[in-house]
$ cat target38.pdb   # PDB, C-alpha atoms, pLDDT in the B column
MODEL        1
ATOM      1  CA  MET A   1       4.984  24.425  -9.797  1.00 63.00           C
ATOM      2  CA  LEU A   2       6.881  21.119  -9.918  1.00 64.00           C
ATOM      3  CA  ASP A   3       9.832  22.671  -8.084  1.00 69.00           C
ATOM      4  CA  THR A   4       7.481  23.855  -5.326  1.00 74.00           C
ATOM      5  CA  LEU A   5       5.997  20.369  -4.973  1.00 68.00           C
ATOM      6  CA  LEU A   6       9.454  18.790  -4.834  1.00 72.00           C
ATOM      7  CA  SER A   7      10.700  21.206  -2.175  1.00 77.00           C
ATOM      8  CA  LEU A   8       7.489  20.736  -0.162  1.00 90.00           C
ATOM      9  CA  ASP A   9       7.948  16.947  -0.428  1.00 91.00           C
ATOM     10  CA  GLY A  10      11.412  17.220   1.085  1.00 92.00           C
ATOM     11  CA  ALA A  11      10.300  19.715   3.739  1.00 94.00           C
ATOM     12  CA  VAL A  12       7.597  17.331   4.968  1.00 96.00           C
ATOM     13  CA  LEU A  13      10.146  14.526   5.353  1.00 96.00           C
ATOM     14  CA  LEU A  14      12.522  16.771   7.271  1.00 95.00           C
ATOM     15  CA  TRP A  15       9.635  17.904   9.511  1.00 96.00           C
ATOM     16  CA  ILE A  16       8.717  14.273  10.263  1.00 96.00           C
ATOM     17  CA  GLN A  17      12.377  13.506  11.011  1.00 95.00           C
ATOM     18  CA  GLU A  18      12.665  16.528  13.322  1.00 94.00           C
ATOM     19  CA  PHE A  19       9.324  16.536  15.144  1.00 95.00           C
ATOM     20  CA  VAL A  20       7.657  13.115  14.823  1.00 95.00           C
ATOM     21  CA  ARG A  21      10.451  10.553  15.054  1.00 95.00           C
ATOM     22  CA  CYS A  22      11.066   9.355  18.589  1.00 95.00           C
ATOM     23  CA  GLU A  23      12.780   6.479  20.354  1.00 94.00           C
ATOM     24  CA  ILE A  24       9.514   4.650  21.054  1.00 95.00           C
ATOM     25  CA  LEU A  25       8.144   4.820  17.496  1.00 95.00           C
ATOM     26  CA  MET A  26      11.331   4.184  15.506  1.00 96.00           C
ATOM     27  CA  PRO A  27      11.526   0.407  16.083  1.00 97.00           C
ATOM     28  CA  LEU A  28       7.749   0.014  15.674  1.00 97.00           C
ATOM     29  CA  MET A  29       7.603   1.959  12.410  1.00 97.00           C
ATOM     30  CA  THR A  30      10.709   0.264  11.087  1.00 97.00           C
ATOM     31  CA  PHE A  31       9.245  -3.162  11.847  1.00 97.00           C
ATOM     32  CA  TYR A  32       5.844  -2.285  10.377  1.00 98.00           C
ATOM     33  CA  THR A  33       7.276  -0.845   7.172  1.00 97.00           C
ATOM     34  CA  GLN A  34       9.422  -3.958   6.700  1.00 97.00           C
ATOM     35  CA  MET A  35       6.329  -6.143   7.106  1.00 96.00           C
ATOM     36  CA  GLY A  36       5.235  -4.525   3.845  1.00 96.00           C
ATOM     37  CA  ASN A  37       8.339  -5.688   1.959  1.00 95.00           C
ATOM     38  CA  ALA A  38       7.138  -7.570  -1.124  1.00 93.00           C
ATOM     39  CA  GLY A  39       3.600  -6.997   0.196  1.00 94.00           C
ATOM     40  CA  ILE A  40       4.133  -9.886   2.600  1.00 96.00           C
ATOM     41  CA  ILE A  41       1.755  -8.725   5.352  1.00 97.00           C
ATOM     42  CA  TRP A  42      -1.075  -8.204   2.844  1.00 98.00           C
ATOM     43  CA  ILE A  43      -0.370 -11.463   1.035  1.00 98.00           C
ATOM     44  CA  VAL A  44      -0.346 -13.458   4.277  1.00 98.00           C
ATOM     45  CA  LEU A  45      -3.604 -11.855   5.440  1.00 98.00           C
ATOM     46  CA  SER A  46      -5.181 -12.506   2.019  1.00 98.00           C
ATOM     47  CA  VAL A  47      -4.146 -16.163   2.052  1.00 98.00           C
ATOM     48  CA  ILE A  48      -5.564 -16.543   5.570  1.00 98.00           C
ATOM     49  CA  MET A  49      -8.827 -15.031   4.318  1.00 97.00           C
ATOM     50  CA  LEU A  50      -8.969 -17.673   1.580  1.00 95.00           C
ATOM     51  CA  CYS A  51      -9.380 -20.284   4.330  1.00 95.00           C
ATOM     52  CA  PHE A  52     -12.732 -18.928   5.533  1.00 94.00           C
ATOM     53  CA  ARG A  53     -15.924 -18.857   3.498  1.00 92.00           C
ATOM     54  CA  LYS A  54     -17.009 -15.380   4.673  1.00 94.00           C
ATOM     55  CA  THR A  55     -13.678 -13.777   3.717  1.00 96.00           C
ATOM     56  CA  ARG A  56     -12.699 -15.930   0.730  1.00 95.00           C
ATOM     57  CA  ARG A  57     -13.770 -13.378  -1.874  1.00 95.00           C
ATOM     58  CA  ALA A  58     -11.900 -10.611   0.000  1.00 97.00           C
ATOM     59  CA  GLY A  59      -8.729 -12.701   0.038  1.00 97.00           C
ATOM     60  CA  ALA A  60      -8.892 -13.702  -3.622  1.00 96.00           C
ATOM     61  CA  LEU A  61      -9.728 -10.241  -4.946  1.00 97.00           C
ATOM     62  CA  SER A  62      -7.065  -8.560  -2.840  1.00 98.00           C
ATOM     63  CA  LEU A  63      -4.455 -10.895  -4.323  1.00 98.00           C
ATOM     64  CA  VAL A  64      -5.639  -9.902  -7.810  1.00 98.00           C
ATOM     65  CA  ALA A  65      -5.580  -6.203  -6.867  1.00 98.00           C
ATOM     66  CA  MET A  66      -2.063  -6.492  -5.454  1.00 98.00           C
ATOM     67  CA  LEU A  67      -0.857  -8.268  -8.598  1.00 98.00           C
ATOM     68  CA  LEU A  68      -2.263  -5.427 -10.692  1.00 98.00           C
ATOM     69  CA  GLY A  69      -0.585  -2.943  -8.357  1.00 98.00           C
ATOM     70  CA  LEU A  70       2.738  -4.737  -8.638  1.00 97.00           C
ATOM     71  CA  LEU A  71       2.551  -4.535 -12.421  1.00 97.00           C
ATOM     72  CA  CYS A  72       1.629  -0.846 -12.352  1.00 97.00           C
ATOM     73  CA  THR A  73       4.171   0.311  -9.776  1.00 97.00           C
ATOM     74  CA  ASN A  74       7.204  -1.954  -9.784  1.00 94.00           C
ATOM     75  CA  VAL A  75       7.120  -3.090 -13.401  1.00 95.00           C
ATOM     76  CA  VAL A  76       5.988   0.091 -15.184  1.00 97.00           C
ATOM     77  CA  LEU A  77       5.820   3.372 -13.229  1.00 97.00           C
ATOM     78  CA  LYS A  78       8.975   3.127 -11.114  1.00 96.00           C
ATOM     79  CA  HIS A  79      11.102   2.554 -14.214  1.00 95.00           C
ATOM     80  CA  LEU A  80       9.232   5.085 -16.322  1.00 96.00           C
ATOM     81  CA  VAL A  81       9.515   7.908 -13.766  1.00 95.00           C
ATOM     82  CA  ALA A  82      12.871   6.837 -12.244  1.00 93.00           C
ATOM     83  CA  ARG A  83      12.620   9.280  -9.344  1.00 95.00           C
ATOM     84  CA  PRO A  84      15.542   8.852  -6.924  1.00 94.00           C
ATOM     85  CA  ARG A  85      14.961   7.999  -3.257  1.00 95.00           C
ATOM     86  CA  PRO A  86      14.612  11.008  -0.944  1.00 95.00           C
ATOM     87  CA  TRP A  87      17.857  10.494   0.977  1.00 91.00           C
ATOM     88  CA  LEU A  88      19.700  10.995  -2.324  1.00 91.00           C
ATOM     89  CA  THR A  89      18.154  14.423  -2.935  1.00 90.00           C
ATOM     90  CA  VAL A  90      17.005  15.851   0.417  1.00 92.00           C
ATOM     91  CA  GLU A  91      19.968  17.257   2.291  1.00 92.00           C
ATOM     92  CA  GLY A  92      20.008  16.235   5.962  1.00 94.00           C
ATOM     93  CA  LEU A  93      17.480  13.415   5.644  1.00 94.00           C
ATOM     94  CA  ASN A  94      18.402  10.214   7.483  1.00 93.00           C
ATOM     95  CA  PHE A  95      16.721   7.009   6.374  1.00 93.00           C
ATOM     96  CA  LEU A  96      15.965   4.214   8.837  1.00 94.00           C
ATOM     97  CA  VAL A  97      15.724   1.215   6.487  1.00 94.00           C
ATOM     98  CA  VAL A  98      17.705   0.209   3.422  1.00 90.00           C
ATOM     99  CA  GLU A  99      15.878   0.067   0.105  1.00 89.00           C
ATOM    100  CA  ASN A 100      17.631  -1.719  -2.730  1.00 88.00           C
ATOM    101  CA  ASP A 101      15.351  -0.311  -5.437  1.00 90.00           C
ATOM    102  CA  PRO A 102      16.765   3.116  -6.328  1.00 92.00           C
ATOM    103  CA  ASN A 103      13.399   4.308  -7.696  1.00 95.00           C
ATOM    104  CA  SER A 104      10.968   6.050  -5.399  1.00 94.00           C
ATOM    105  CA  PHE A 105       7.806   6.907  -7.364  1.00 95.00           C
ATOM    106  CA  PRO A 106       5.239   5.550  -6.624  1.00 97.00           C
ATOM    107  CA  SER A 107       5.394   3.723  -3.302  1.00 97.00           C
ATOM    108  CA  GLY A 108       4.919   0.006  -3.906  1.00 97.00           C
ATOM    109  CA  HIS A 109       4.362  -0.670  -0.194  1.00 97.00           C
ATOM    110  CA  THR A 110       1.552   1.880  -0.131  1.00 98.00           C
ATOM    111  CA  CYS A 111       0.110   0.582  -3.387  1.00 98.00           C
ATOM    112  CA  ALA A 112      -0.078  -2.986  -2.064  1.00 98.00           C
ATOM    113  CA  ALA A 113      -1.601  -1.788   1.215  1.00 98.00           C
ATOM    114  CA  PHE A 114      -4.325   0.246  -0.475  1.00 98.00           C
ATOM    115  CA  ALA A 115      -4.970  -2.378  -3.158  1.00 98.00           C
ATOM    116  CA  ALA A 116      -5.734  -4.863  -0.377  1.00 98.00           C
ATOM    117  CA  ALA A 117      -7.572  -2.339   1.804  1.00 98.00           C
ATOM    118  CA  GLY A 118      -9.670  -1.112  -1.128  1.00 98.00           C
ATOM    119  CA  VAL A 119     -10.897  -4.636  -1.792  1.00 98.00           C
ATOM    120  CA  TRP A 120     -11.310  -5.459   1.884  1.00 98.00           C
ATOM    121  CA  PHE A 121     -13.324  -2.311   2.515  1.00 98.00           C
ATOM    122  CA  ARG A 122     -15.790  -3.426  -0.152  1.00 96.00           C
ATOM    123  CA  THR A 123     -15.904  -7.147   0.661  1.00 96.00           C
ATOM    124  CA  LEU A 124     -15.189  -7.895   4.321  1.00 96.00           C
ATOM    125  CA  PRO A 125     -18.289  -8.797   6.343  1.00 93.00           C
ATOM    126  CA  ARG A 126     -17.826  -6.443   9.322  1.00 96.00           C
ATOM    127  CA  LYS A 127     -17.425  -2.647   9.411  1.00 97.00           C
ATOM    128  CA  TRP A 128     -14.631  -2.855  12.001  1.00 97.00           C
ATOM    129  CA  MET A 129     -12.676  -5.114   9.610  1.00 96.00           C
ATOM    130  CA  GLN A 130     -13.195  -2.705   6.727  1.00 97.00           C
ATOM    131  CA  TRP A 131     -12.042   0.332   8.700  1.00 98.00           C
ATOM    132  CA  THR A 132      -9.130  -1.554  10.250  1.00 98.00           C
ATOM    133  CA  ALA A 133      -7.931  -2.317   6.708  1.00 98.00           C
ATOM    134  CA  VAL A 134      -8.009   1.387   5.825  1.00 98.00           C
ATOM    135  CA  VAL A 135      -6.162   2.378   9.003  1.00 98.00           C
ATOM    136  CA  LEU A 136      -3.479  -0.286   8.434  1.00 98.00           C
ATOM    137  CA  ALA A 137      -3.014   0.890   4.830  1.00 98.00           C
ATOM    138  CA  ALA A 138      -2.720   4.532   5.887  1.00 98.00           C
ATOM    139  CA  LEU A 139      -0.247   3.514   8.579  1.00 98.00           C
ATOM    140  CA  MET A 140       1.826   1.712   5.941  1.00 98.00           C
ATOM    141  CA  GLY A 141       1.905   4.837   3.798  1.00 98.00           C
ATOM    142  CA  PHE A 142       2.917   6.962   6.777  1.00 98.00           C
ATOM    143  CA  SER A 143       5.591   4.451   7.791  1.00 98.00           C
ATOM    144  CA  ARG A 144       7.259   4.944   4.404  1.00 98.00           C
ATOM    145  CA  LEU A 145       7.549   8.664   5.146  1.00 97.00           C
ATOM    146  CA  TYR A 146       8.598   8.045   8.740  1.00 97.00           C
ATOM    147  CA  VAL A 147      11.543   5.855   7.747  1.00 97.00           C
ATOM    148  CA  GLY A 148      12.537   8.335   5.022  1.00 96.00           C
ATOM    149  CA  VAL A 149      12.375   6.119   1.943  1.00 96.00           C
ATOM    150  CA  HIS A 150       9.539   7.860   0.070  1.00 97.00           C
ATOM    151  CA  PHE A 151       8.355  11.366  -0.638  1.00 97.00           C
ATOM    152  CA  PRO A 152       4.760  12.268   0.314  1.00 97.00           C
ATOM    153  CA  SER A 153       3.841  12.454  -3.384  1.00 96.00           C
ATOM    154  CA  ASP A 154       5.166   8.881  -3.819  1.00 97.00           C
ATOM    155  CA  VAL A 155       2.843   7.717  -1.052  1.00 98.00           C
ATOM    156  CA  VAL A 156      -0.172   9.610  -2.429  1.00 98.00           C
ATOM    157  CA  ALA A 157       0.471   8.134  -5.886  1.00 98.00           C
ATOM    158  CA  GLY A 158       0.871   4.644  -4.390  1.00 98.00           C
ATOM    159  CA  CYS A 159      -2.438   5.072  -2.567  1.00 98.00           C
ATOM    160  CA  LEU A 160      -4.231   6.159  -5.745  1.00 98.00           C
ATOM    161  CA  VAL A 161      -2.739   3.368  -7.856  1.00 98.00           C
ATOM    162  CA  GLY A 162      -3.621   0.827  -5.157  1.00 98.00           C
ATOM    163  CA  LEU A 163      -7.222   2.034  -4.964  1.00 98.00           C
ATOM    164  CA  LEU A 164      -7.469   1.988  -8.754  1.00 98.00           C
ATOM    165  CA  CYS A 165      -6.208  -1.603  -8.787  1.00 98.00           C
ATOM    166  CA  ALA A 166      -8.737  -2.568  -6.086  1.00 98.00           C
ATOM    167  CA  TRP A 167     -11.492  -1.078  -8.223  1.00 98.00           C
ATOM    168  CA  LEU A 168     -10.205  -2.906 -11.321  1.00 98.00           C
ATOM    169  CA  ALA A 169     -10.107  -6.209  -9.428  1.00 98.00           C
ATOM    170  CA  TRP A 170     -13.724  -5.623  -8.371  1.00 97.00           C
ATOM    171  CA  LEU A 171     -14.731  -4.829 -11.969  1.00 97.00           C
ATOM    172  CA  LEU A 172     -12.998  -7.997 -13.207  1.00 94.00           C
ATOM    173  CA  TYR A 173     -14.846 -10.021 -10.574  1.00 92.00           C
ATOM    174  CA  GLN A 174     -18.185  -8.495 -11.570  1.00 92.00           C
ATOM    175  CA  ALA A 175     -17.480  -9.105 -15.267  1.00 91.00           C
ATOM    176  CA  ALA A 176     -16.556 -12.731 -14.549  1.00 88.00           C
ATOM    177  CA  GLU A 177     -19.772 -13.254 -12.585  1.00 85.00           C
ATOM    178  CA  LYS A 178     -21.811 -11.625 -15.337  1.00 85.00           C
ATOM    179  CA  ARG A 179     -20.231 -13.837 -17.973  1.00 82.00           C
ATOM    180  CA  TRP A 180     -20.040 -17.159 -16.099  1.00 80.00           C
ATOM    181  CA  GLY A 181     -22.466 -16.732 -13.206  1.00 72.00           C
ATOM    182  CA  THR A 182     -21.712 -17.019  -9.507  1.00 71.00           C
ATOM    183  CA  ILE A 183     -18.158 -18.112  -8.817  1.00 69.00           C
ATOM    184  CA  ARG A 184     -19.045 -20.738  -6.211  1.00 67.00           C
ATOM    185  CA  TRP A 185     -15.656 -21.150  -4.536  1.00 63.00           C
ATOM    186  CA  LEU A 186     -15.687 -17.403  -3.714  1.00 69.00           C
ATOM    187  CA  GLU A 187     -19.128 -17.491  -2.091  1.00 66.00           C
TER     188      GLU A 187
ENDMDL
END
$ encode --input "target38.pdb" --output "structure tokens"
Amino acid sequence: MLDTLLSLDGAVLLWIQEFVRCEILMPLMTFYTQMGNAGIIWIVLSVIMLCFRKTRRAGALSLVAMLLGLLCTNVVLKHLVARPRPWLTVEGLNFLVVENDPNSFPSGHTCAAFAAAGVWFRTLPRKWMQWTAVVLAALMGFSRLYVGVHFPSDVVAGCLVGLLCAWLAWLLYQAAEKRWGTIRWLE
């Protein structure tokens, strides 16, 4: 079963390389995926949200969710699983960006994107903002496949860990409000 999943993972990446990569998308996807390095795009957007009363809670909770995601993915799971990057195991796969971390599972970029998007979907004031967050997170996950630095199962795991961290950040916020009352600076 595991062997089938691993071979399917590699086959999907080779299919993307063969049939989806194109001259127009390569620079765009490469740029977008690099905007996720160290979660920078999500951190910057969260900090900007802290500046506005209506989005302050979304910004603060997404930072908490991303911190939880960082601990889960980059501190614990990547070292525990120690799965090598796809270009090291999938014959014929060409990667488009350099990753210094040799561990692939789970995708930290995807985790950060979905940790932020999970919080934003729950807390942002407008539906278009909520759905834009989800689309941007999904695009980040896809970009990791497009540039050949993660397996599909890495991205799915990163998505699930990110959503779990968003949920945990929300639970922490609710517990804090229950214990200490309304957190005024987030309202």
$ residues_around --input "target38.pdb" --residues "A:Phe105" --least-positions-apart "6" --cutoff "7 Å" --atoms "all atoms listed in the file" --output "PyMOL selection string"
chain A and resi 78+81+83+154
$ residues_around --input "target38.pdb" --residues "stretch 36-52 of chain A" --least-positions-apart "5" --cutoff "12 Å" --atoms "all atoms listed in the file" --output "PyMOL selection string"
chain A and resi 29-31+57-67+69-70+74+97-101+107-120+123-125+129+133+136-137+139-141+143-144+162+185-187
$ write_last_selection --input "target38.pdb" --atoms "C-alpha atoms" --output "PDB file, keeping the file's coordinate frame"
ATOM      1  CA  MET A  29       7.603   1.959  12.410  1.00 97.00           C
ATOM      2  CA  THR A  30      10.709   0.264  11.087  1.00 97.00           C
ATOM      3  CA  PHE A  31       9.245  -3.162  11.847  1.00 97.00           C
ATOM      4  CA  ARG A  57     -13.770 -13.378  -1.874  1.00 95.00           C
ATOM      5  CA  ALA A  58     -11.900 -10.611   0.000  1.00 97.00           C
ATOM      6  CA  GLY A  59      -8.729 -12.701   0.038  1.00 97.00           C
ATOM      7  CA  ALA A  60      -8.892 -13.702  -3.622  1.00 96.00           C
ATOM      8  CA  LEU A  61      -9.728 -10.241  -4.946  1.00 97.00           C
ATOM      9  CA  SER A  62      -7.065  -8.560  -2.840  1.00 98.00           C
ATOM     10  CA  LEU A  63      -4.455 -10.895  -4.323  1.00 98.00           C
ATOM     11  CA  VAL A  64      -5.639  -9.902  -7.810  1.00 98.00           C
ATOM     12  CA  ALA A  65      -5.580  -6.203  -6.867  1.00 98.00           C
ATOM     13  CA  MET A  66      -2.063  -6.492  -5.454  1.00 98.00           C
ATOM     14  CA  LEU A  67      -0.857  -8.268  -8.598  1.00 98.00           C
ATOM     15  CA  GLY A  69      -0.585  -2.943  -8.357  1.00 98.00           C
ATOM     16  CA  LEU A  70       2.738  -4.737  -8.638  1.00 97.00           C
ATOM     17  CA  ASN A  74       7.204  -1.954  -9.784  1.00 94.00           C
ATOM     18  CA  VAL A  97      15.724   1.215   6.487  1.00 94.00           C
ATOM     19  CA  VAL A  98      17.705   0.209   3.422  1.00 90.00           C
ATOM     20  CA  GLU A  99      15.878   0.067   0.105  1.00 89.00           C
ATOM     21  CA  ASN A 100      17.631  -1.719  -2.730  1.00 88.00           C
ATOM     22  CA  ASP A 101      15.351  -0.311  -5.437  1.00 90.00           C
ATOM     23  CA  SER A 107       5.394   3.723  -3.302  1.00 97.00           C
ATOM     24  CA  GLY A 108       4.919   0.006  -3.906  1.00 97.00           C
ATOM     25  CA  HIS A 109       4.362  -0.670  -0.194  1.00 97.00           C
ATOM     26  CA  THR A 110       1.552   1.880  -0.131  1.00 98.00           C
ATOM     27  CA  CYS A 111       0.110   0.582  -3.387  1.00 98.00           C
ATOM     28  CA  ALA A 112      -0.078  -2.986  -2.064  1.00 98.00           C
ATOM     29  CA  ALA A 113      -1.601  -1.788   1.215  1.00 98.00           C
ATOM     30  CA  PHE A 114      -4.325   0.246  -0.475  1.00 98.00           C
ATOM     31  CA  ALA A 115      -4.970  -2.378  -3.158  1.00 98.00           C
ATOM     32  CA  ALA A 116      -5.734  -4.863  -0.377  1.00 98.00           C
ATOM     33  CA  ALA A 117      -7.572  -2.339   1.804  1.00 98.00           C
ATOM     34  CA  GLY A 118      -9.670  -1.112  -1.128  1.00 98.00           C
ATOM     35  CA  VAL A 119     -10.897  -4.636  -1.792  1.00 98.00           C
ATOM     36  CA  TRP A 120     -11.310  -5.459   1.884  1.00 98.00           C
ATOM     37  CA  THR A 123     -15.904  -7.147   0.661  1.00 96.00           C
ATOM     38  CA  LEU A 124     -15.189  -7.895   4.321  1.00 96.00           C
ATOM     39  CA  PRO A 125     -18.289  -8.797   6.343  1.00 93.00           C
ATOM     40  CA  MET A 129     -12.676  -5.114   9.610  1.00 96.00           C
ATOM     41  CA  ALA A 133      -7.931  -2.317   6.708  1.00 98.00           C
ATOM     42  CA  LEU A 136      -3.479  -0.286   8.434  1.00 98.00           C
ATOM     43  CA  ALA A 137      -3.014   0.890   4.830  1.00 98.00           C
ATOM     44  CA  LEU A 139      -0.247   3.514   8.579  1.00 98.00           C
ATOM     45  CA  MET A 140       1.826   1.712   5.941  1.00 98.00           C
ATOM     46  CA  GLY A 141       1.905   4.837   3.798  1.00 98.00           C
ATOM     47  CA  SER A 143       5.591   4.451   7.791  1.00 98.00           C
ATOM     48  CA  ARG A 144       7.259   4.944   4.404  1.00 98.00           C
ATOM     49  CA  GLY A 162      -3.621   0.827  -5.157  1.00 98.00           C
ATOM     50  CA  TRP A 185     -15.656 -21.150  -4.536  1.00 63.00           C
ATOM     51  CA  LEU A 186     -15.687 -17.403  -3.714  1.00 69.00           C
ATOM     52  CA  GLU A 187     -19.128 -17.491  -2.091  1.00 66.00           C
TER      53      GLU A 187
END
$ resolve_selection --input "target38.pdb" --expression "the PyMOL selection byres ((chain A and resi 84) around 6)" --output "PDB file with C-alpha atoms, in the frame of the given file"
ATOM      1  CA  ARG A  83      12.620   9.280  -9.344  1.00 95.00           C
ATOM      2  CA  ARG A  85      14.961   7.999  -3.257  1.00 95.00           C
ATOM      3  CA  PRO A 102      16.765   3.116  -6.328  1.00 92.00           C
ATOM      4  CA  ASN A 103      13.399   4.308  -7.696  1.00 95.00           C
ATOM      5  CA  SER A 104      10.968   6.050  -5.399  1.00 94.00           C
TER       6      SER A 104
END
$ closest_residue --input "target38.pdb" --among "A:Met35, A:Leu68, A:Leu28, A:Val90" --to "A:Leu14" --atoms "all atoms listed in the file"
A:Val90
$ resolve_selection --input "target38.pdb" --expression "the PyMOL selection byres ((chain A and resi 21) around 12)" --output "list in words"
Leu13, Leu14, Trp15, Ile16, Gln17, Glu18, Phe19, Val20, Cys22, Glu23, Ile24, Leu25, Met26, Pro27, Leu28, Met29, Thr30, Asn94, Phe95, Leu96, Phe142, Ser143, Leu145, Tyr146, Val147 and Gly148 of chain A
$ build_atoms --input "target38.pdb" --residues "stretch 148-163 of chain A" --atoms "N, CA, C and O atoms" --output "PDB file, in the coordinates of the input"
ATOM      1  N   GLY A 148      11.786   7.495   5.955  1.00 96.00           N
ATOM      2  CA  GLY A 148      12.537   8.335   5.022  1.00 96.00           C
ATOM      3  C   GLY A 148      12.859   7.723   3.678  1.00 96.00           C
ATOM      4  O   GLY A 148      13.820   8.131   3.035  1.00 96.00           O
ATOM      5  N   VAL A 149      12.059   6.765   3.222  1.00 96.00           N
ATOM      6  CA  VAL A 149      12.375   6.119   1.943  1.00 96.00           C
ATOM      7  C   VAL A 149      11.452   6.534   0.795  1.00 96.00           C
ATOM      8  O   VAL A 149      11.642   6.109  -0.336  1.00 96.00           O
ATOM      9  N   HIS A 150      10.441   7.353   1.107  1.00 97.00           N
ATOM     10  CA  HIS A 150       9.539   7.860   0.070  1.00 97.00           C
ATOM     11  C   HIS A 150       9.176   9.304   0.345  1.00 97.00           C
ATOM     12  O   HIS A 150       9.105   9.730   1.499  1.00 97.00           O
ATOM     13  N   PHE A 151       8.912  10.023  -0.723  1.00 97.00           N
ATOM     14  CA  PHE A 151       8.355  11.366  -0.638  1.00 97.00           C
ATOM     15  C   PHE A 151       6.846  11.258  -0.407  1.00 97.00           C
ATOM     16  O   PHE A 151       6.233  10.260  -0.797  1.00 97.00           O
ATOM     17  N   PRO A 152       6.222  12.291   0.169  1.00 97.00           N
ATOM     18  CA  PRO A 152       4.760  12.268   0.314  1.00 97.00           C
ATOM     19  C   PRO A 152       4.027  12.055  -1.015  1.00 97.00           C
ATOM     20  O   PRO A 152       3.029  11.323  -1.059  1.00 97.00           O
ATOM     21  N   SER A 153       4.513  12.647  -2.087  1.00 96.00           N
ATOM     22  CA  SER A 153       3.841  12.454  -3.384  1.00 96.00           C
ATOM     23  C   SER A 153       3.967  11.011  -3.867  1.00 96.00           C
ATOM     24  O   SER A 153       3.068  10.502  -4.552  1.00 96.00           O
ATOM     25  N   ASP A 154       5.035  10.309  -3.498  1.00 97.00           N
ATOM     26  CA  ASP A 154       5.166   8.881  -3.819  1.00 97.00           C
ATOM     27  C   ASP A 154       4.070   8.079  -3.122  1.00 97.00           C
ATOM     28  O   ASP A 154       3.484   7.165  -3.695  1.00 97.00           O
ATOM     29  N   VAL A 155       3.827   8.428  -1.860  1.00 98.00           N
ATOM     30  CA  VAL A 155       2.843   7.717  -1.052  1.00 98.00           C
ATOM     31  C   VAL A 155       1.427   8.003  -1.563  1.00 98.00           C
ATOM     32  O   VAL A 155       0.610   7.092  -1.688  1.00 98.00           O
ATOM     33  N   VAL A 156       1.147   9.262  -1.890  1.00 98.00           N
ATOM     34  CA  VAL A 156      -0.172   9.610  -2.429  1.00 98.00           C
ATOM     35  C   VAL A 156      -0.405   8.867  -3.744  1.00 98.00           C
ATOM     36  O   VAL A 156      -1.476   8.290  -3.966  1.00 98.00           O
ATOM     37  N   ALA A 157       0.602   8.851  -4.615  1.00 98.00           N
ATOM     38  CA  ALA A 157       0.471   8.134  -5.886  1.00 98.00           C
ATOM     39  C   ALA A 157       0.288   6.637  -5.655  1.00 98.00           C
ATOM     40  O   ALA A 157      -0.538   6.000  -6.319  1.00 98.00           O
ATOM     41  N   GLY A 158       1.029   6.066  -4.712  1.00 98.00           N
ATOM     42  CA  GLY A 158       0.871   4.644  -4.390  1.00 98.00           C
ATOM     43  C   GLY A 158      -0.529   4.340  -3.893  1.00 98.00           C
ATOM     44  O   GLY A 158      -1.128   3.320  -4.261  1.00 98.00           O
ATOM     45  N   CYS A 159      -1.071   5.223  -3.072  1.00 98.00           N
ATOM     46  CA  CYS A 159      -2.438   5.072  -2.567  1.00 98.00           C
ATOM     47  C   CYS A 159      -3.429   5.084  -3.727  1.00 98.00           C
ATOM     48  O   CYS A 159      -4.301   4.211  -3.823  1.00 98.00           O
ATOM     49  N   LEU A 160      -3.297   6.050  -4.621  1.00 98.00           N
ATOM     50  CA  LEU A 160      -4.231   6.159  -5.745  1.00 98.00           C
ATOM     51  C   LEU A 160      -4.135   4.972  -6.697  1.00 98.00           C
ATOM     52  O   LEU A 160      -5.162   4.433  -7.132  1.00 98.00           O
ATOM     53  N   VAL A 161      -2.917   4.534  -6.986  1.00 98.00           N
ATOM     54  CA  VAL A 161      -2.739   3.368  -7.856  1.00 98.00           C
ATOM     55  C   VAL A 161      -3.323   2.127  -7.184  1.00 98.00           C
ATOM     56  O   VAL A 161      -4.003   1.320  -7.823  1.00 98.00           O
ATOM     57  N   GLY A 162      -3.079   1.972  -5.888  1.00 98.00           N
ATOM     58  CA  GLY A 162      -3.621   0.827  -5.157  1.00 98.00           C
ATOM     59  C   GLY A 162      -5.139   0.806  -5.170  1.00 98.00           C
ATOM     60  O   GLY A 162      -5.759  -0.241  -5.410  1.00 98.00           O
ATOM     61  N   LEU A 163      -5.761   1.963  -4.937  1.00 98.00           N
ATOM     62  CA  LEU A 163      -7.222   2.034  -4.964  1.00 98.00           C
ATOM     63  C   LEU A 163      -7.772   1.775  -6.365  1.00 98.00           C
ATOM     64  O   LEU A 163      -8.810   1.113  -6.518  1.00 98.00           O
TER      65      LEU A 163
END
